[in-house]
file upload.pdb (PDB, C-alpha atoms and all ligand atoms)
ATOM      1  CA  MET H   7       6.878  26.455   1.423
ATOM      2  CA  HIS H   8       9.161  24.279  -0.630
ATOM      3  CA  ASN H   9       7.661  20.986  -1.603
ATOM      4  CA  PRO H  10       9.867  18.877  -3.843
ATOM      5  CA  TYR H  11       7.047  16.503  -4.754
ATOM      6  CA  LYS H  12       4.245  18.920  -5.484
ATOM      7  CA  GLY H  13       2.849  18.328  -8.917
ATOM      8  CA  ARG H  14       5.277  15.520  -9.769
ATOM      9  CA  GLN H  15       2.750  12.790  -9.212
ATOM     10  CA  GLN H  16       0.553  14.115 -11.963
ATOM     11  CA  THR H  17       3.138  14.350 -14.720
ATOM     12  CA  PHE H  18       2.238  10.864 -15.956
ATOM     13  CA  SER H  19      -1.272  11.905 -16.869
ATOM     14  CA  THR H  20      -0.176  14.562 -19.317
ATOM     15  CA  GLN H  21       2.933  13.171 -20.956
ATOM     16  CA  GLY H  22       1.701   9.781 -22.103
ATOM     17  CA  PRO H  23       5.137   8.217 -21.768
ATOM     18  CA  ARG H  24       6.221   4.725 -22.707
ATOM     19  CA  VAL H  25       6.038   2.017 -20.105
ATOM     20  CA  GLU H  26       9.209  -0.029 -19.865
ATOM     21  CA  THR H  27       8.497  -2.585 -17.204
ATOM     22  CA  ILE H  28       6.228  -5.572 -17.399
ATOM     23  CA  ALA H  29       4.888  -6.688 -14.052
ATOM     24  CA  CYS H  30       3.223 -10.000 -13.421
ATOM     25  CA  LEU H  31       0.326  -8.719 -11.393
ATOM     26  CA  PHE H  32      -1.564 -11.665 -10.161
ATOM     27  CA  GLU H  33       0.977 -14.446 -10.174
ATOM     28  CA  ARG H  34       0.633 -16.509  -7.061
ATOM     29  CA  PRO H  35       2.680 -19.423  -5.827
ATOM     30  CA  PHE H  36       0.703 -22.608  -6.248
ATOM     31  CA  VAL H  37       1.391 -26.127  -5.073
ATOM     32  CA  LYS H  38       0.241 -28.624  -7.666
ATOM     33  CA  PRO H  39      -0.521 -32.026  -6.170
ATOM     34  CA  GLN H  40       0.913 -34.888  -8.181
ATOM     35  CA  THR H  41       1.413 -37.725  -5.761
ATOM     36  CA  ALA H  42      -0.438 -39.301  -2.893
ATOM     37  CA  PHE H  43       2.011 -37.554  -0.610
ATOM     38  CA  ALA H  44       1.197 -34.248  -2.249
ATOM     39  CA  MET H  45      -2.520 -34.897  -1.745
ATOM     40  CA  PHE H  46      -1.795 -35.317   1.950
ATOM     41  CA  SER H  47       0.102 -31.999   1.857
ATOM     42  CA  LEU H  48      -2.826 -30.350   0.141
ATOM     43  CA  ILE H  49      -5.124 -31.428   2.949
ATOM     44  CA  GLN H  50      -2.678 -29.928   5.431
ATOM     45  CA  VAL H  51      -2.640 -26.717   3.407
ATOM     46  CA  LEU H  52      -6.417 -26.544   3.330
ATOM     47  CA  SER H  53      -6.556 -27.086   7.094
ATOM     48  CA  LEU H  54      -4.036 -24.313   7.536
ATOM     49  CA  ILE H  55      -6.018 -21.942   5.305
ATOM     50  CA  LEU H  56      -9.152 -22.782   7.242
ATOM     51  CA  ALA H  57      -7.365 -22.170  10.530
ATOM     52  CA  MET H  58      -6.007 -18.829   9.313
ATOM     53  CA  ALA H  59      -9.369 -17.751   7.900
ATOM     54  CA  THR H  60     -11.008 -18.571  11.212
ATOM     55  CA  THR H  61      -8.356 -16.554  13.066
ATOM     56  CA  SER H  62      -8.896 -13.580  10.740
ATOM     57  CA  LEU H  63     -12.635 -13.688  11.297
ATOM     58  CA  ALA H  64     -12.172 -13.927  15.037
ATOM     59  CA  SER H  65     -10.081 -10.748  15.239
ATOM     60  CA  PRO H  66     -11.171  -8.484  12.416
ATOM     61  CA  GLY H  67      -9.632  -5.054  12.073
ATOM     62  CA  PRO H  68     -12.583  -2.847  11.074
ATOM     63  CA  TYR H  69     -11.086  -2.063   7.718
ATOM     64  CA  LEU H  70      -8.332  -4.577   7.239
ATOM     65  CA  ARG H  71      -8.148  -6.740   4.150
ATOM     66  CA  ARG H  72      -6.202  -9.936   4.630
ATOM     67  CA  SER H  73      -5.163 -12.361   1.958
ATOM     68  CA  PRO H  74      -4.273 -15.762   3.379
ATOM     69  CA  THR H  75      -1.350 -17.265   1.500
ATOM     70  CA  ALA H  76      -0.914 -20.409   3.499
ATOM     71  CA  THR H  77       0.308 -22.322   0.436
ATOM     72  CA  VAL H  78       3.547 -20.327   0.609
ATOM     73  CA  VAL H  79       4.138 -21.383   4.186
ATOM     74  CA  GLN H  80       3.495 -25.018   3.361
ATOM     75  CA  ALA H  81       5.694 -24.912   0.258
ATOM     76  CA  ARG H  82       8.674 -23.881   2.385
ATOM     77  CA  ASP H  83       8.633 -27.096   4.373
ATOM     78  CA  PHE H  84      10.674 -28.928   1.714
ATOM     79  CA  THR H  85      13.838 -27.962  -0.123
ATOM     80  CA  ASN H  86      13.723 -27.956  -3.921
ATOM     81  CA  ALA H  87      15.663 -31.253  -4.007
ATOM     82  CA  GLU H  88      13.113 -32.873  -1.703
ATOM     83  CA  ARG H  89      10.277 -31.453  -3.777
ATOM     84  CA  PHE H  90      11.706 -32.815  -7.044
ATOM     85  CA  SER H  91      12.123 -36.269  -5.478
ATOM     86  CA  ARG H  92       8.421 -36.186  -4.560
ATOM     87  CA  GLY H  93       7.363 -35.036  -8.020
ATOM     88  CA  LEU H  94       6.435 -31.559  -6.802
ATOM     89  CA  PRO H  95       7.224 -28.383  -8.764
ATOM     90  CA  PRO H  96      10.111 -26.193  -7.497
ATOM     91  CA  LEU H  97       9.598 -23.586  -4.821
ATOM     92  CA  ALA H  98       8.039 -20.273  -5.764
ATOM     93  CA  PRO H  99      10.384 -17.268  -5.668
ATOM     94  CA  ARG H 100      11.092 -16.068  -2.149
ATOM     95  CA  VAL H 101       8.300 -13.914  -0.809
ATOM     96  CA  LEU H 102       9.852 -10.820   0.716
ATOM     97  CA  TYR H 103       6.805  -9.464   2.458
ATOM     98  CA  ASN H 104       3.653 -11.204   3.542
ATOM     99  CA  PRO H 105       1.519  -9.542   6.240
ATOM    100  CA  THR H 106       0.045 -12.852   7.372
ATOM    101  CA  ARG H 107       3.471 -14.398   7.877
ATOM    102  CA  VAL H 108       5.758 -11.546   8.909
ATOM    103  CA  ARG H 109       4.711  -9.985  12.199
ATOM    104  CA  ARG H 110       6.624  -6.715  12.275
ATOM    105  CA  SER H 111       5.330  -5.021  15.417
ATOM    106  CA  LEU H 112       5.751  -1.306  15.895
ATOM    107  CA  PRO H 113       7.731  -0.241  18.970
ATOM    108  CA  SER H 114       4.851   0.348  21.390
ATOM    109  CA  SER H 115       6.950   2.216  23.965
ATOM    110  CA  SER H 116       7.509   5.401  21.933
ATOM    111  CA  PRO H 117       4.657   7.920  21.504
ATOM    112  CA  THR H 118       6.030   8.969  18.114
ATOM    113  CA  ILE H 119       7.403   6.551  15.560
ATOM    114  CA  VAL H 120      10.001   7.647  13.015
ATOM    115  CA  SER H 121      10.454   5.432   9.980
ATOM    116  CA  ASN H 122      10.664   5.223   6.255
ATOM    117  CA  VAL H 123       8.071   3.191   4.366
ATOM    118  CA  GLY H 124       8.791   0.186   2.176
ATOM    119  CA  VAL H 125       6.843  -0.504  -1.019
ATOM    120  CA  PHE H 126       6.034  -4.114  -1.920
ATOM    121  CA  ASN H 127       4.347  -5.731  -4.897
ATOM    122  CA  LYS H 128       1.018  -6.802  -3.379
ATOM    123  CA  ALA H 129       0.726  -9.957  -5.489
ATOM    124  CA  THR H 130       4.270 -11.310  -5.115
ATOM    125  CA  GLY H 131       5.535  -9.602  -1.957
ATOM    126  CA  ALA H 132       8.678  -8.519  -3.811
ATOM    127  CA  SER H 133      10.241  -5.238  -2.729
ATOM    128  CA  VAL H 134       9.701  -2.338  -5.144
ATOM    129  CA  GLY H 135      11.614   0.257  -3.092
ATOM    130  CA  TYR H 136      10.798   2.976  -0.560
ATOM    131  CA  VAL H 137       8.354   5.867  -0.520
ATOM    132  CA  ARG H 138       9.935   9.171  -1.541
ATOM    133  CA  GLY H 139       7.127  11.721  -1.488
ATOM    134  CA  ALA H 140       4.672  10.544  -4.108
ATOM    135  CA  THR H 141       7.300   8.443  -5.838
ATOM    136  CA  VAL H 142       9.195   5.233  -5.136
ATOM    137  CA  THR H 143      12.983   5.132  -4.818
ATOM    138  CA  THR H 144      15.175   2.055  -4.746
ATOM    139  CA  ALA H 145      17.786   3.926  -2.686
ATOM    140  CA  GLU H 146      16.817   3.736   0.975
ATOM    141  CA  SER H 147      19.104   6.717   1.684
ATOM    142  CA  SER H 148      16.908   8.997  -0.432
ATOM    143  CA  SER H 149      13.606   7.761   0.999
ATOM    144  CA  THR H 150      11.277  10.015   2.985
ATOM    145  CA  THR H 151      11.537   9.739   6.762
ATOM    146  CA  PHE H 152       8.051   9.869   8.250
ATOM    147  CA  ALA H 153       6.929  10.535  11.817
ATOM    148  CA  PHE H 154       3.553   9.562  13.219
ATOM    149  CA  ARG H 155       1.783   9.120  16.550
ATOM    150  CA  SER H 156       1.980   5.541  17.761
ATOM    151  CA  PRO H 157      -1.425   4.083  16.788
ATOM    152  CA  SER H 158      -3.408   2.103  19.368
ATOM    153  CA  SER H 159      -4.867  -0.181  16.694
ATOM    154  CA  ALA H 160      -5.281  -0.501  12.936
ATOM    155  CA  SER H 161      -8.513   1.497  13.144
ATOM    156  CA  ASP H 162      -6.804   4.404  14.940
ATOM    157  CA  LEU H 163      -6.318   6.877  12.077
ATOM    158  CA  VAL H 164      -3.266   9.131  12.392
ATOM    159  CA  GLU H 165      -1.510  11.885  10.504
ATOM    160  CA  LEU H 166       1.600  10.914   8.577
ATOM    161  CA  ASN H 167       4.204  13.649   8.846
ATOM    162  CA  ASP H 168       7.506  14.434   7.237
ATOM    163  CA  ASN H 169      10.003  13.932  10.071
ATOM    164  CA  SER H 170      12.332  16.744   9.061
ATOM    165  CA  SER H 171       9.817  19.476   8.144
ATOM    166  CA  GLY H 172       6.867  18.399  10.309
ATOM    167  CA  LEU H 173       4.551  18.887   7.316
ATOM    168  CA  HIS H 174       1.576  16.546   7.037
ATOM    169  CA  TYR H 175       1.276  14.119   4.147
ATOM    170  CA  VAL H 176      -2.318  14.514   2.983
ATOM    171  CA  LEU H 177      -4.443  13.099   0.211
ATOM    172  CA  ALA H 178      -6.172  15.835  -1.750
ATOM    173  CA  SER H 179      -7.887  16.881  -4.938
ATOM    174  CA  TYR H 180      -8.271  20.198  -6.691
ATOM    175  CA  THR H 181     -12.052  20.032  -6.398
ATOM    176  CA  ASN H 182     -14.290  19.962  -3.358
ATOM    177  CA  GLY H 183     -16.833  17.158  -2.965
ATOM    178  CA  TYR H 184     -14.485  14.788  -4.793
ATOM    179  CA  TYR H 185     -15.764  11.217  -4.629
ATOM    180  CA  VAL H 186     -13.291   8.371  -4.150
ATOM    181  CA  GLY H 187     -14.511   4.810  -3.771
ATOM    182  CA  PRO H 188     -16.029   1.868  -5.621
ATOM    183  CA  GLY H 189     -17.276   2.528  -9.127
ATOM    184  CA  THR H 190     -14.971   5.374 -10.118
ATOM    185  CA  TYR H 191     -11.416   5.681 -11.347
ATOM    186  CA  ASN H 192     -11.036   8.940  -9.393
ATOM    187  CA  SER H 193      -7.633   9.268  -7.758
ATOM    188  CA  LEU H 194      -6.072  11.560  -5.192
ATOM    189  CA  ILE H 195      -2.786  13.427  -5.033
ATOM    190  CA  LEU H 196      -0.340  12.953  -2.174
ATOM    191  CA  THR H 197       1.110  16.243  -1.054
ATOM    192  CA  THR H 198       2.549  17.952   2.029
ATOM    193  CA  THR H 199       1.017  20.876   3.878
ATOM    194  CA  THR H 200       0.787  22.672   7.220
ATOM    195  CA  LEU H 201      -3.000  22.134   7.239
ATOM    196  CA  SER H 202      -4.455  19.624   9.698
ATOM    197  CA  THR H 203      -8.039  18.538   9.135
ATOM    198  CA  PRO H 204     -10.411  17.252  11.873
ATOM    199  CA  ALA H 205     -10.637  13.498  12.464
ATOM    200  CA  GLY H 206     -13.425  11.935  10.416
ATOM    201  CA  SER H 207     -14.181  15.080   8.434
ATOM    202  CA  GLY H 208     -14.428  15.349   4.668
ATOM    203  CA  GLN H 209     -12.211  17.553   2.525
ATOM    204  CA  GLN H 210     -11.117  20.913   3.904
ATOM    205  CA  PRO H 211      -9.890  23.790   1.718
ATOM    206  CA  ASP H 212      -6.143  24.378   1.893
ATOM    207  CA  TYR H 213      -5.545  28.040   1.115
ATOM    208  CA  THR H 214      -1.765  27.621   1.465
ATOM    209  CA  LYS H 215      -1.887  25.976  -1.975
ATOM    210  CA  GLY H 216      -2.349  27.564  -5.346
ATOM    211  CA  PRO H 217      -4.530  26.353  -6.915
ATOM    212  CA  ILE H 218      -6.478  25.631  -3.742
ATOM    213  CA  GLN H 219      -6.469  21.987  -2.715
ATOM    214  CA  TYR H 220      -9.130  20.176  -0.720
ATOM    215  CA  SER H 221      -7.451  17.717   1.574
ATOM    216  CA  GLU H 222      -7.762  15.282   4.463
ATOM    217  CA  SER H 223      -4.924  14.586   6.913
ATOM    218  CA  PRO H 224      -5.838  12.047   9.682
ATOM    219  CA  ILE H 225      -6.534   9.287   7.187
ATOM    220  CA  TRP H 226      -3.660   6.880   7.707
ATOM    221  CA  SER H 227      -3.986   3.516   9.379
ATOM    222  CA  ILE H 228      -0.710   1.934  10.460
ATOM    223  CA  ASP H 229      -1.382  -1.543  11.803
ATOM    224  CA  PRO H 230       0.669  -1.812  15.021
ATOM    225  CA  SER H 231       1.153  -5.557  14.574
ATOM    226  CA  THR H 232       2.291  -5.541  10.933
ATOM    227  CA  GLY H 233       3.326  -1.969  10.063
ATOM    228  CA  VAL H 234       1.015  -2.063   7.022
ATOM    229  CA  VAL H 235      -0.049   1.440   5.970
ATOM    230  CA  THR H 236      -3.589   1.965   4.660
ATOM    231  CA  ALA H 237      -5.496   5.159   3.830
ATOM    232  CA  TYR H 238      -9.228   5.910   4.138
ATOM    233  CA  TRP H 239     -10.990   8.746   2.342
ATOM    234  CA  VAL H 240     -14.131  10.434   3.667
ATOM    235  CA  ASN H 241     -16.544  11.551   0.922
ATOM    236  CA  SER H 242     -18.812  14.571   1.154
ATOM    237  CA  ASN H 243     -21.834  12.346   1.841
ATOM    238  CA  GLY H 244     -20.005  10.794   4.802
ATOM    239  CA  SER H 245     -19.098   7.492   3.167
ATOM    240  CA  GLN H 246     -15.550   6.330   3.896
ATOM    241  CA  TYR H 247     -13.620   4.052   1.571
ATOM    242  CA  GLN H 248     -10.189   2.502   1.496
ATOM    243  CA  VAL H 249      -7.668   4.108  -0.847
ATOM    244  CA  TYR H 250      -5.551   1.608  -2.789
ATOM    245  CA  PHE H 251      -1.967   2.166  -3.873
ATOM    246  CA  LEU H 252      -0.621   1.522  -7.359
ATOM    247  CA  SER H 253       2.861   2.068  -8.701
ATOM    248  CA  TYR H 254       3.408   3.202 -12.252
ATOM    249  CA  VAL H 255       6.700   3.534 -14.119
ATOM    250  CA  THR H 256       7.197   6.365 -16.596
ATOM    251  CA  THR H 257      10.329   6.655 -18.706
ATOM    252  CA  VAL H 258      11.484   9.856 -20.338
ATOM    253  CA  GLY H 259      14.748   9.405 -22.232
ATOM    254  CA  THR H 260      16.988   7.269 -20.043
ATOM    255  CA  SER H 261      15.399   8.217 -16.751
ATOM    256  CA  SER H 262      12.587   6.243 -15.157
ATOM    257  CA  THR H 263      10.307   7.462 -12.395
ATOM    258  CA  THR H 264       8.033   5.227 -10.354
ATOM    259  CA  SER H 265       4.987   7.185  -9.212
ATOM    260  CA  LEU H 266       2.424   6.225  -6.599
ATOM    261  CA  ILE H 267      -1.250   6.433  -7.522
ATOM    262  CA  PHE H 268      -4.043   6.645  -4.944
ATOM    263  CA  THR H 269      -7.437   5.378  -6.060
ATOM    264  CA  GLY H 270     -10.576   3.972  -4.458
ATOM    265  CA  ASP H 271     -11.198   1.388  -7.202
ATOM    266  CA  VAL H 272      -8.213  -0.398  -8.721
ATOM    267  CA  ALA H 273     -10.227  -2.219 -11.398
ATOM    268  CA  ALA H 274     -11.970   0.971 -12.551
ATOM    269  CA  TYR H 275      -8.646   2.790 -12.662
ATOM    270  CA  LYS H 276      -7.040   0.082 -14.812
ATOM    271  CA  VAL H 277     -10.011   0.110 -17.189
ATOM    272  CA  GLN H 278      -9.657   3.867 -17.575
ATOM    273  CA  PHE H 279      -5.986   3.557 -18.622
ATOM    274  CA  PRO H 280      -5.949   0.228 -20.494
ATOM    275  CA  THR H 281      -2.556   0.676 -22.162
ATOM    276  CA  ARG H 282      -0.684   1.401 -18.934
ATOM    277  CA  ILE H 283       0.820  -1.170 -16.641
ATOM    278  CA  PHE H 284       0.135  -0.674 -12.954
ATOM    279  CA  THR H 285       1.342  -2.689  -9.996
ATOM    280  CA  GLU H 286      -0.811  -2.773  -6.894
ATOM    281  CA  VAL H 287       1.505  -2.208  -3.949
ATOM    282  CA  THR H 288       1.467  -2.580  -0.171
ATOM    283  CA  LEU H 289       3.128   0.079   1.974
ATOM    284  CA  VAL H 290       4.820  -1.059   5.185
ATOM    285  CA  VAL H 291       6.709   1.039   7.723
ATOM    286  CA  SER H 292      10.257  -0.254   7.983
ATOM    287  CA  VAL H 293      10.848  -0.154  11.765
TER     288      VAL H 293
HETATM  289  C1  LIG H 301      13.636  13.006  12.965
HETATM  290  O1  LIG H 301      13.530  14.357  13.361
HETATM  291  C2  LIG H 301      14.163  14.653  14.600
HETATM  292  C3  LIG H 301      13.800  16.090  14.950
HETATM  293  O2  LIG H 301      14.120  16.958  13.898
HETATM  294  C4  LIG H 301      15.655  14.422  14.455
HETATM  295  O3  LIG H 301      16.309  14.679  15.683
HETATM  296  C5  LIG H 301      15.898  12.976  14.050
HETATM  297  O4  LIG H 301      17.274  12.785  13.799
HETATM  298  C6  LIG H 301      15.100  12.642  12.795
HETATM  299  N1  LIG H 301      15.226  11.220  12.532
HETATM  300  C7  LIG H 301      15.559  10.742  11.333
HETATM  301  C8  LIG H 301      15.691   9.261  11.262
HETATM  302  O5  LIG H 301      15.718  11.442  10.361
HETATM  303  C1  LIG H 302     -22.193   8.373  -1.245
HETATM  304  O1  LIG H 302     -22.092   8.594  -2.634
HETATM  305  C2  LIG H 302     -21.688   7.463  -3.394
HETATM  306  C3  LIG H 302     -21.525   7.894  -4.833
HETATM  307  O2  LIG H 302     -22.651   8.562  -5.292
HETATM  308  C4  LIG H 302     -22.678   6.328  -3.205
HETATM  309  O3  LIG H 302     -22.259   5.194  -3.936
HETATM  310  C5  LIG H 302     -22.773   5.990  -1.733
HETATM  311  O4  LIG H 302     -23.720   4.985  -1.538
HETATM  312  C6  LIG H 302     -23.145   7.223  -0.941
HETATM  313  N1  LIG H 302     -23.098   6.879   0.483
HETATM  314  C7  LIG H 302     -23.950   7.403   1.366
HETATM  315  C8  LIG H 302     -23.715   6.998   2.791
HETATM  316  O5  LIG H 302     -24.849   8.169   1.052
END

call {"tool": "encode", "arguments": {"input": "upload.pdb", "output": "structure tokens", "more": "lines below"}}
Ligand SMILES: *[C@@H]1O[C@H](CO)[C@@H](O)[C@H](O)[C@H]1NC(C)=O
Ligand SMILES: *[C@@H]1O[C@H](CO)[C@@H](O)[C@H](O)[C@H]1NC(C)=O
result
Amino acid sequence: MHNPYKGRQQTFSTQGPRVETIACLFERPFVKPQTAFAMFSLIQVLSLILAMATTSLASPGPYLRRSPTATVVQARDFTNAERFSRGLPPLAPRVLYNPTRVRRSLPSSSPTIVSNVGVFNKATGASVGYVRGATVTTAESSSTTFAFRSPSSASDLVELNDNSSGLHYVLASYTNGYYVGPGTYNSLILTTTTLSTPAGSGQQPDYTKGPIQYSESPIWSIDPSTGVVTAYWVNSNGSQYQVYFLSYVTTVGTSSTTSLIFTGDVAAYKVQFPTRIFTEVTLVVSV
């Protein structure tokens, strides 16, 4: 079974390459009130945040994390010229993806959805590229085309398949009983296989791989109303935790590769590799 991505995602951990890109991880647009008019705007913003927070609480996805960014919406109401004349700072850079603002519904009519998956900087919303196996490509034409069963809700976990080969994209480790979740920097590999594992089960041995991998396949949430892709890992003691996605750029000679990293605790992972620069990313199907 040919798998072009097998093993690639782990090259970063052995080569210790230089990091060339600097990412501003937690920069957020912020409206600084300077005039009475701005104070009025701020009150509007706060009302909007409150309204959005209330909406989120009223319709919680069981696992979904939402980050209200109502200030961005409010900031768009004026052009830069208008903002300068009111003593406000200029607009923040254009946000390319924001799950609370962009409603990108999946086509509900088709039982199977075929799409590539966009990668966005979680903090800024800026596009990073498209998923290509366990890496990120900026060329949409070389991105992976996925196929998956149309999910009924964000808590309906599905398998994510390669559209051309039918292989399942699974998260896996080389050890059984591998814990992923809060309090550990443990991370998983993304790989393709013929093995399907039962819904809700922990790791299953995959004997098609050498060395043997222990994987889980129906772990992907694709929110039908936003297209946001999330993964959930079941531990051997039955606990289930969200898997977070980081991108990491490695440069060898003149060629750079952006890898995806899958961990249950972003802060712990960053502490473990303090000299590396990671960008937390959001994955969104592009249909
Ligand atoms: C997905 O796979 C089907 C079946 O092989 C094929 O007909 C279709 O063209 C593929 N779609 C894309 C976008 O690659
Ligand atoms: C499972 O194990 C982890 C790590 O030891 C622990 O933090 C968690 O509370 C356990 N969960 C259950 C349901 O036993």

call {"tool": "resolve_selection", "arguments": {"input": "upload.pdb", "expression": "the PyMOL selection byres (((not hetatm)) within 6 of (chain H and resi 301))", "output": "short mmCIF file (atom, residue, chain, number, x, y, z; two decimals) with C-alpha atoms, keeping the file's coordinate frame"}}
result
data_model
loop_
_atom_site.label_atom_id
_atom_site.label_comp_id
_atom_site.auth_asym_id
_atom_site.auth_seq_id
_atom_site.Cartn_x
_atom_site.Cartn_y
_atom_site.Cartn_z
CA THR H 151 11.54 9.74 6.76
CA ASN H 169 10.00 13.93 10.07
CA SER H 170 12.33 16.74 9.06
#

call {"tool": "resolve_selection", "arguments": {"input": "upload.pdb", "expression": "the PyMOL selection byres (((not hetatm)) within 6 of (chain H and resi 302))", "output": "MDAnalysis selection string"}}
result
chainID H and resid 243:245

call {"tool": "residues_around", "arguments": {"input": "upload.pdb", "residues": "Leu177 of chain H", "least_positions_apart": "2", "cutoff": "6 Å", "atoms": "only C-alpha atoms", "output": "compact mmCIF listing (two decimals) with C-alpha atoms, in the coordinates of the input"}}
result
# COMPACT_ATOMS: atom_id res chain seq x y z
CA LEU H 194 -6.07 11.56 -5.19
CA ILE H 195 -2.79 13.43 -5.03
CA LEU H 196 -0.34 12.95 -2.17
CA SER H 221 -7.45 17.72 1.57
CA GLU H 222 -7.76 15.28 4.46

call {"tool": "atom_distance", "arguments": {"input": "upload.pdb", "atom1": "atom CA of Gln246 of chain H", "atom2": "atom CA of Lys128 of chain H"}}
result
22.4 Å

call {"tool": "residues_near_point", "arguments": {"input": "upload.pdb", "point": "(14.6, 7.5, 8.7)", "cutoff": "9 Å", "atoms": "all atoms listed in the file", "output": "PyMOL selection string"}}
result
chain H and resi 120-123+146-147+149-153+169+292

call {"tool": "residues_near_point", "arguments": {"input": "upload.pdb", "point": "(6.1, 12.7, 15.2)", "cutoff": "12 Å", "atoms": "only C-alpha atoms", "output": "list of chain:residue names"}}
result
H:Ser116, H:Pro117, H:Thr118, H:Ile119, H:Val120, H:Ser121, H:Thr151, H:Phe152, H:Ala153, H:Phe154, H:Arg155, H:Ser156, H:Pro157, H:Val164, H:Glu165, H:Leu166, H:Asn167, H:Asp168, H:Asn169, H:Ser170, H:Ser171, H:Gly172, H:Leu173, H:His174
